[in-house]
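Notes follow the structure.
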Amino acid sequence: MSILSLQNVTKKFGQTEIIRGVSLDIRQGEKHAIIGPNGAGKSTLFHLISGRYSVSSGTIHFKGAPIHNKAPYEIARLGLARSFQVTNIFPLMSVFENIRCALLWSMGYKYSFWSMLGKQTELNDKADHTLTEIGLYDRRNFPAGELAYAEQRALELGVAIASGAEMILLDEPVAGMSLSEARNAVALINKITEGKTLIMVEHDMNIVFDMADRISVLVYGEIIACDSPANVRSNAKVQEAYLGEVASA
Amino acid sequence: MIKQLTIWLLFAATLLILPEIFDSLLAISIFNQMAIMIVFALSYNMLLGQGGMLSFGHAVYFGLGGFLAVHVLRMVEYESIMMSTTLVPLVGGVFGLLAAIFIGSFSTRKAGTVFAMISLGIGELVAASSLILVSFFGGEAGISGDRTFGPPLFGIEFTQDLHIYYLGAVWMFVSVLLMYLFTKTPAGRMANAVRDNPERAEFIGYSARKVRFISFCAAGLFAGIAGGLFAVNYEIVTEENLNAVTSGRVLLMAYIGGLGFFIGPIIGAIVLTLVNSVLSNYTELWMLYLGIMFVLTVMFLPRGLAGFLMMHRLPWHLGKTRLLIRPYVLTALPASIFLLSLIGMLEMAHSSAAEFVYLGMTFNSSGIGSWIILSTLTAASFFALRLTLPQLRAAWTAANTQSALKPSTAANGNPPLNPSLKESSN
């Protein structure tokens with residue numbers, strides 16, 4: 001049973017068609033990677049799924065419900081969380097507040113202006129638990145904007161997973177990291193997305209082929225292959241369009 | 001928790017004993033003004049400091065609240081309704097809230113420039129209509145009422161400013177407490193999140209627009225309460241109370257006090273009310289000084305007076321505040337001479353009379369001698385400042401640096417190793 005299903009999704013900016021009829025089914029619990037050359041439309045595809053952009057045509061269903069006309073916050077409430085390629089946190093708030101805010105909706109606080117956050121033991125414990133998980137507990141009271149880059153990336157991840165969403169979209173989670181930082185980040189991602197459905201865009205082929213159950217190859221707005229890592233690696237079309245380019249680079 | 005309770009109890013106690021210490025009529029009237037402005041400035045900070053909405057028209061909710069409150073005072077006077085004067089500020093608050101619900105329903109769609117421009121437009125619109133819709137706003141004369149007609153409370157009929165002081169102090173205390181508590185709620189905290197990053201707030205399940213709308217309505221409510229207090233205190237409300245000048249003044253208060261701290265706008269309201277009422281007794285140029293103060297704050301203290309005070313937390317924790325005393329005094333001396341002689345020249349340029357008394361000395365603005373003395377003083381103190389400022393800067397750095405023997409995570413730049421990442425790399 002697929003948890004997320006895209007049918008003939010297109011996206012045009014003016015006359016330019018960036019996504020040209022993408023159909024994709026993501027299975028419950030799988031780790032799915034989307035790869036492709038620069039400008040292929042990977043981030044755009046994420047923006048379409050998460051509601052940042054609206055689709056030009058086609059449909060997107062999450063757990064059977066249409067989400068292609070919904071606002072980002074409505075999609076997030078359904079249990080589809082995402083991270084961003086460029087770190088996108090709440091810079092003036094403390095690390096703890098960042099995580100706590102990410103938990104609020106899923107714990108049913110909505111727009112409450114009567115419950116005192118300091119007294120919500122379960123909420124605060126859960127926020128601290130997430131902080132421990134992403135390894136930022138000792139940075140708890142720091143302004144998020146003052147963290148080191150790798151720490152900000154970890155927080156970015158924490159904000160995405162805090163709510164306990166079933167499905168998580170990660171946009172280049174290890175971009176810009178050193179080799180050892182990236183290895184740590186991958187271990188962290190594996191740990192905190194256990195049992196969840198994960199889609200990620202990533203440029204590092206070692207990581208992609210290591211982590212993913214299935215890989216989709218997006219080239220010029222079209223998916224040219226969607227298969228297991230081994231089959232994608234041996235796919236002639238993929239080698240020609242994408243992997244060959246990397247090898248020659 | 002205990003610490004917080006102590007602060008609030010101290011605050012309440014201060015409000016109780018203030019009129020015992022400063023019991024002159026002038027002091028009481030200044031306190032009343034301060035109470036009004038504290039509520040108004042804090043309500044403004046719910047928009048700008050907490051919610052990231054730059055409003056140029058916040059006086060609309062203050063003024064509308066005030067106008068409705070003064071109408072209620074009149075209705076009580078003509079016996080068409082019965083209401084205690086103590087409750088009139090709440091009427092202002094409810095009307096401010098209603099106005100905010102209506103205007104906020106479309107103006108909070110976006111923050112940034114769009115919001116600022118809409119607030120400016122609404123501000124001008126309401127101020128202009130207030131001169132046209134005479135029956136509600138009373139034209140240029142405004143509307144006046146009489147607060148003494150309500151049923152007396154414990155025998156008090158609000159005939160004196162001191163009675164209003166206690167009324168204002170209670171309303172101010174309650175409003176400040178409620179606005180503080182609001183910052184501790186999910187809606188208040190999400191207002192910060194939306195201020196920091198509206199896009200990400202949407203991806204964690206919150207509509208940025210709705211979060212802004214809630215803050216906007218709360219800000220309207222408390223601005224209306226402040227307006228209601230104004231109506232009870234002055235018994236007259238005019239167009240001036242909802243126009244751009246008042247909107248600008250509340251922005252100055254919040255900014256000079258410091259947007260990033262809850263206490264900032266309170267400090268701003270106190271300082272600017274003092275400047276407004278005390279300085280205006282001494283000089284006609286007080287508006288100019290206020291403007292200079294604002295520019296200097298924006299340039300040198302972007303986090304306002306509260307931010308300046310908070311900057312000293314680190315030296316305080318390190319026990320190095322002592323290092324700063326000498327350079328502060330050394331800088332303050334030429335700085336005050338510089339300011340005083342500059343002010344002297346400004347006043348001389350402004351004065352129409354030739355003979356001119358300033359700081360107990362007589363100057364002659366038509367003679368060249370006075371100008372030479374003051375400009376020499378200005379120049380000399382300016383160069384003295386250039387000598388003392390580097391010392392102050394060096395002392396500041398020293399006071400904020402930890403001695404090498406006591407390393408701590410807060411002060412040095414190296415983040416401690418991340419325990420979970422360390423584990424996984426093994």
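Scheme for the structure tokens: letters A, B, ... for chains in order shown; per-chain residue numbers from 1; ligand numbers from 1 in order shown.
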
| request: as an MDAnalysis selection string, please: all residues of stretch 49-204 of chain A that backbone DSSP puts in strand (DSSP E). | output: chainID A and resid 57:62 65:66 80:82 167:171 197:201

Residue list for chain A near chain B as a short mmCIF file (atom, residue, chain, number, x, y, z; two decimals) with N, CA and C atoms, in the first residue's frame, 7 Å, only C-alpha atoms:
data_model
loop_
_atom_site.label_atom_id
_atom_site.label_comp_id
_atom_site.auth_asym_id
_atom_site.auth_seq_id
_atom_site.Cartn_x
_atom_site.Cartn_y
_atom_site.Cartn_z
N PRO A 72 0.66 24.50 3.39
CA PRO A 72 1.71 23.74 4.08
C PRO A 72 1.29 23.29 5.48
N TYR A 73 0.63 24.22 6.24
CA TYR A 73 0.31 23.84 7.62
C TYR A 73 -0.72 22.73 7.69
N GLU A 74 -1.62 22.67 6.67
CA GLU A 74 -2.61 21.58 6.67
C GLU A 74 -1.94 20.25 6.37
N ALA A 76 1.22 19.55 6.97
CA ALA A 76 2.04 19.21 8.12
C ALA A 76 1.19 18.53 9.20
N ARG A 77 -0.04 19.02 9.38
CA ARG A 77 -0.91 18.47 10.42
C ARG A 77 -1.30 17.03 10.13
N ALA A 81 6.17 15.73 7.45
CA ALA A 81 7.10 16.78 7.88
C ALA A 81 8.25 16.88 6.89
N ASN A 88 16.65 26.29 7.95
CA ASN A 88 15.43 27.06 8.04
C ASN A 88 14.86 26.86 9.44
N ILE A 89 15.47 27.54 10.43
CA ILE A 89 15.04 27.36 11.81
C ILE A 89 14.54 28.69 12.35
N PHE A 90 14.29 28.78 13.65
CA PHE A 90 13.87 30.04 14.26
C PHE A 90 15.08 30.63 14.99
N PRO A 91 15.84 31.51 14.30
CA PRO A 91 17.19 31.85 14.76
C PRO A 91 17.25 32.58 16.10
N LEU A 92 16.24 33.41 16.42
CA LEU A 92 16.34 34.19 17.66
C LEU A 92 15.86 33.41 18.87
N CYS A 101 8.32 24.33 19.84
CA CYS A 101 7.34 24.86 18.89
C CYS A 101 6.95 23.80 17.86
N ALA A 102 7.95 23.00 17.46
CA ALA A 102 7.68 21.97 16.45
C ALA A 102 6.76 20.89 17.00
N TRP A 105 1.74 21.61 17.74
CA TRP A 105 0.50 21.26 17.05
C TRP A 105 0.17 19.78 17.24
N TYR A 109 -2.01 21.56 21.12
CA TYR A 109 -2.13 22.87 21.77
C TYR A 109 -2.80 23.91 20.87
N TYR A 111 -3.85 27.00 18.87
CA TYR A 111 -3.51 28.41 19.08
C TYR A 111 -3.79 28.84 20.52
N SER A 112 -3.71 27.92 21.45
CA SER A 112 -4.08 28.20 22.83
C SER A 112 -3.37 29.43 23.38
N PHE A 113 -4.13 30.36 23.96
CA PHE A 113 -3.48 31.46 24.67
C PHE A 113 -3.86 31.43 26.15
N TRP A 114 -4.12 30.24 26.65
CA TRP A 114 -4.39 30.10 28.08
C TRP A 114 -3.48 29.06 28.76
N SER A 115 -3.00 28.06 28.01
CA SER A 115 -2.15 27.08 28.71
C SER A 115 -0.73 27.62 28.85
N MET A 116 -0.18 27.48 30.04
CA MET A 116 1.17 27.96 30.31
C MET A 116 2.18 26.88 29.90
N LEU A 117 3.05 27.24 28.96
CA LEU A 117 3.98 26.24 28.43
C LEU A 117 4.90 25.66 29.51
N GLY A 135 21.23 15.11 19.87
CA GLY A 135 22.53 15.45 20.45
C GLY A 135 22.73 16.92 20.73
N LEU A 136 21.65 17.66 20.97
CA LEU A 136 21.81 19.09 21.22
C LEU A 136 21.39 19.47 22.63
N ASN A 184 28.23 11.18 10.71
CA ASN A 184 27.45 11.30 11.93
C ASN A 184 25.99 11.61 11.62
N ALA A 187 24.07 8.59 10.47
CA ALA A 187 23.73 7.72 11.60
C ALA A 187 22.54 8.29 12.36
#

| query | What lies within 10 Å of B:Leu98 using only C-alpha atoms, ignoring chain neighbours under 6 positions off, as a VMD selection string? | reply | chain B and resid 61 64 to 65 92 104 217 220 to 221 224

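For the pair atom CA of B:Ala169 and atom CA of B:Asp146, the interatomic distance is 20.0 Å.
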
| task | Name the residues of stretch 24-92 of chain A that come out as alpha helix (DSSP H) in a backbone DSSP run; write them as a VMD selection string. | result | chain A and resid 42 to 50 72 to 77

| field | Selection: 6 Å around A:Ser228, only C-alpha atoms, excl. self and same-chain fewer than 2 positions, as a PyMOL selection string | value | chain A and resi 214+230-231

| task | Find the residues around stretch 286-292 of chain B up to 9 Å (only C-alpha atoms counted), leave out those fewer than 2 positions away in its own chain, and share them as a list in words. | result | Leu252, Leu272, Val275, Asn276, Leu279, Ser280, Asn281, Tyr282, Thr283, Glu284, Phe294, Val295, Leu296, Thr297 and Ile343 of chain B

| message | For A:Leu155, find every residue with an atom within 12 Å (counting only C-alpha atoms), except residues of its own chain fewer than 4 positions away, and show them as a ChimeraX atom specification. | response | /A:83-84,87-91,94-100,102,127,130-137,139-140,142-151,159-162,173,185,188-189

| task | Could you tell me which of A:Lys12, A:Lys119, A:His32, A:Arg183 comes closest to A:Ser54 if we count only C-alpha atoms? | result |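 Of all the options, A:Lys12 lies closest to A:Ser54.
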
| request: Give me the residues within 9 Å of A:Ile199 as a PyMOL selection string, counting only C-alpha atoms and dropping any in the same chain fewer than 4 places off. | output: chain A and resi 26+30-34+167-171+212

| Closest to A:Val186 among A:Ala40, A:Arg233, A:Ala165, A:Leu157, using only C-alpha atoms? | A:Leu157

| request: Figure out the distance between atom CA of B:Val237 and atom CA of B:Met75, please, to one decimal in Å. | output: 15.1 Å

| query | To one decimal place, how far is atom CA of B:Gly155 from atom CA of B:Val88 in Å? | reply |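 Between atom CA of B:Gly155 and atom CA of B:Val88 the gap works out to 17.6 Å.
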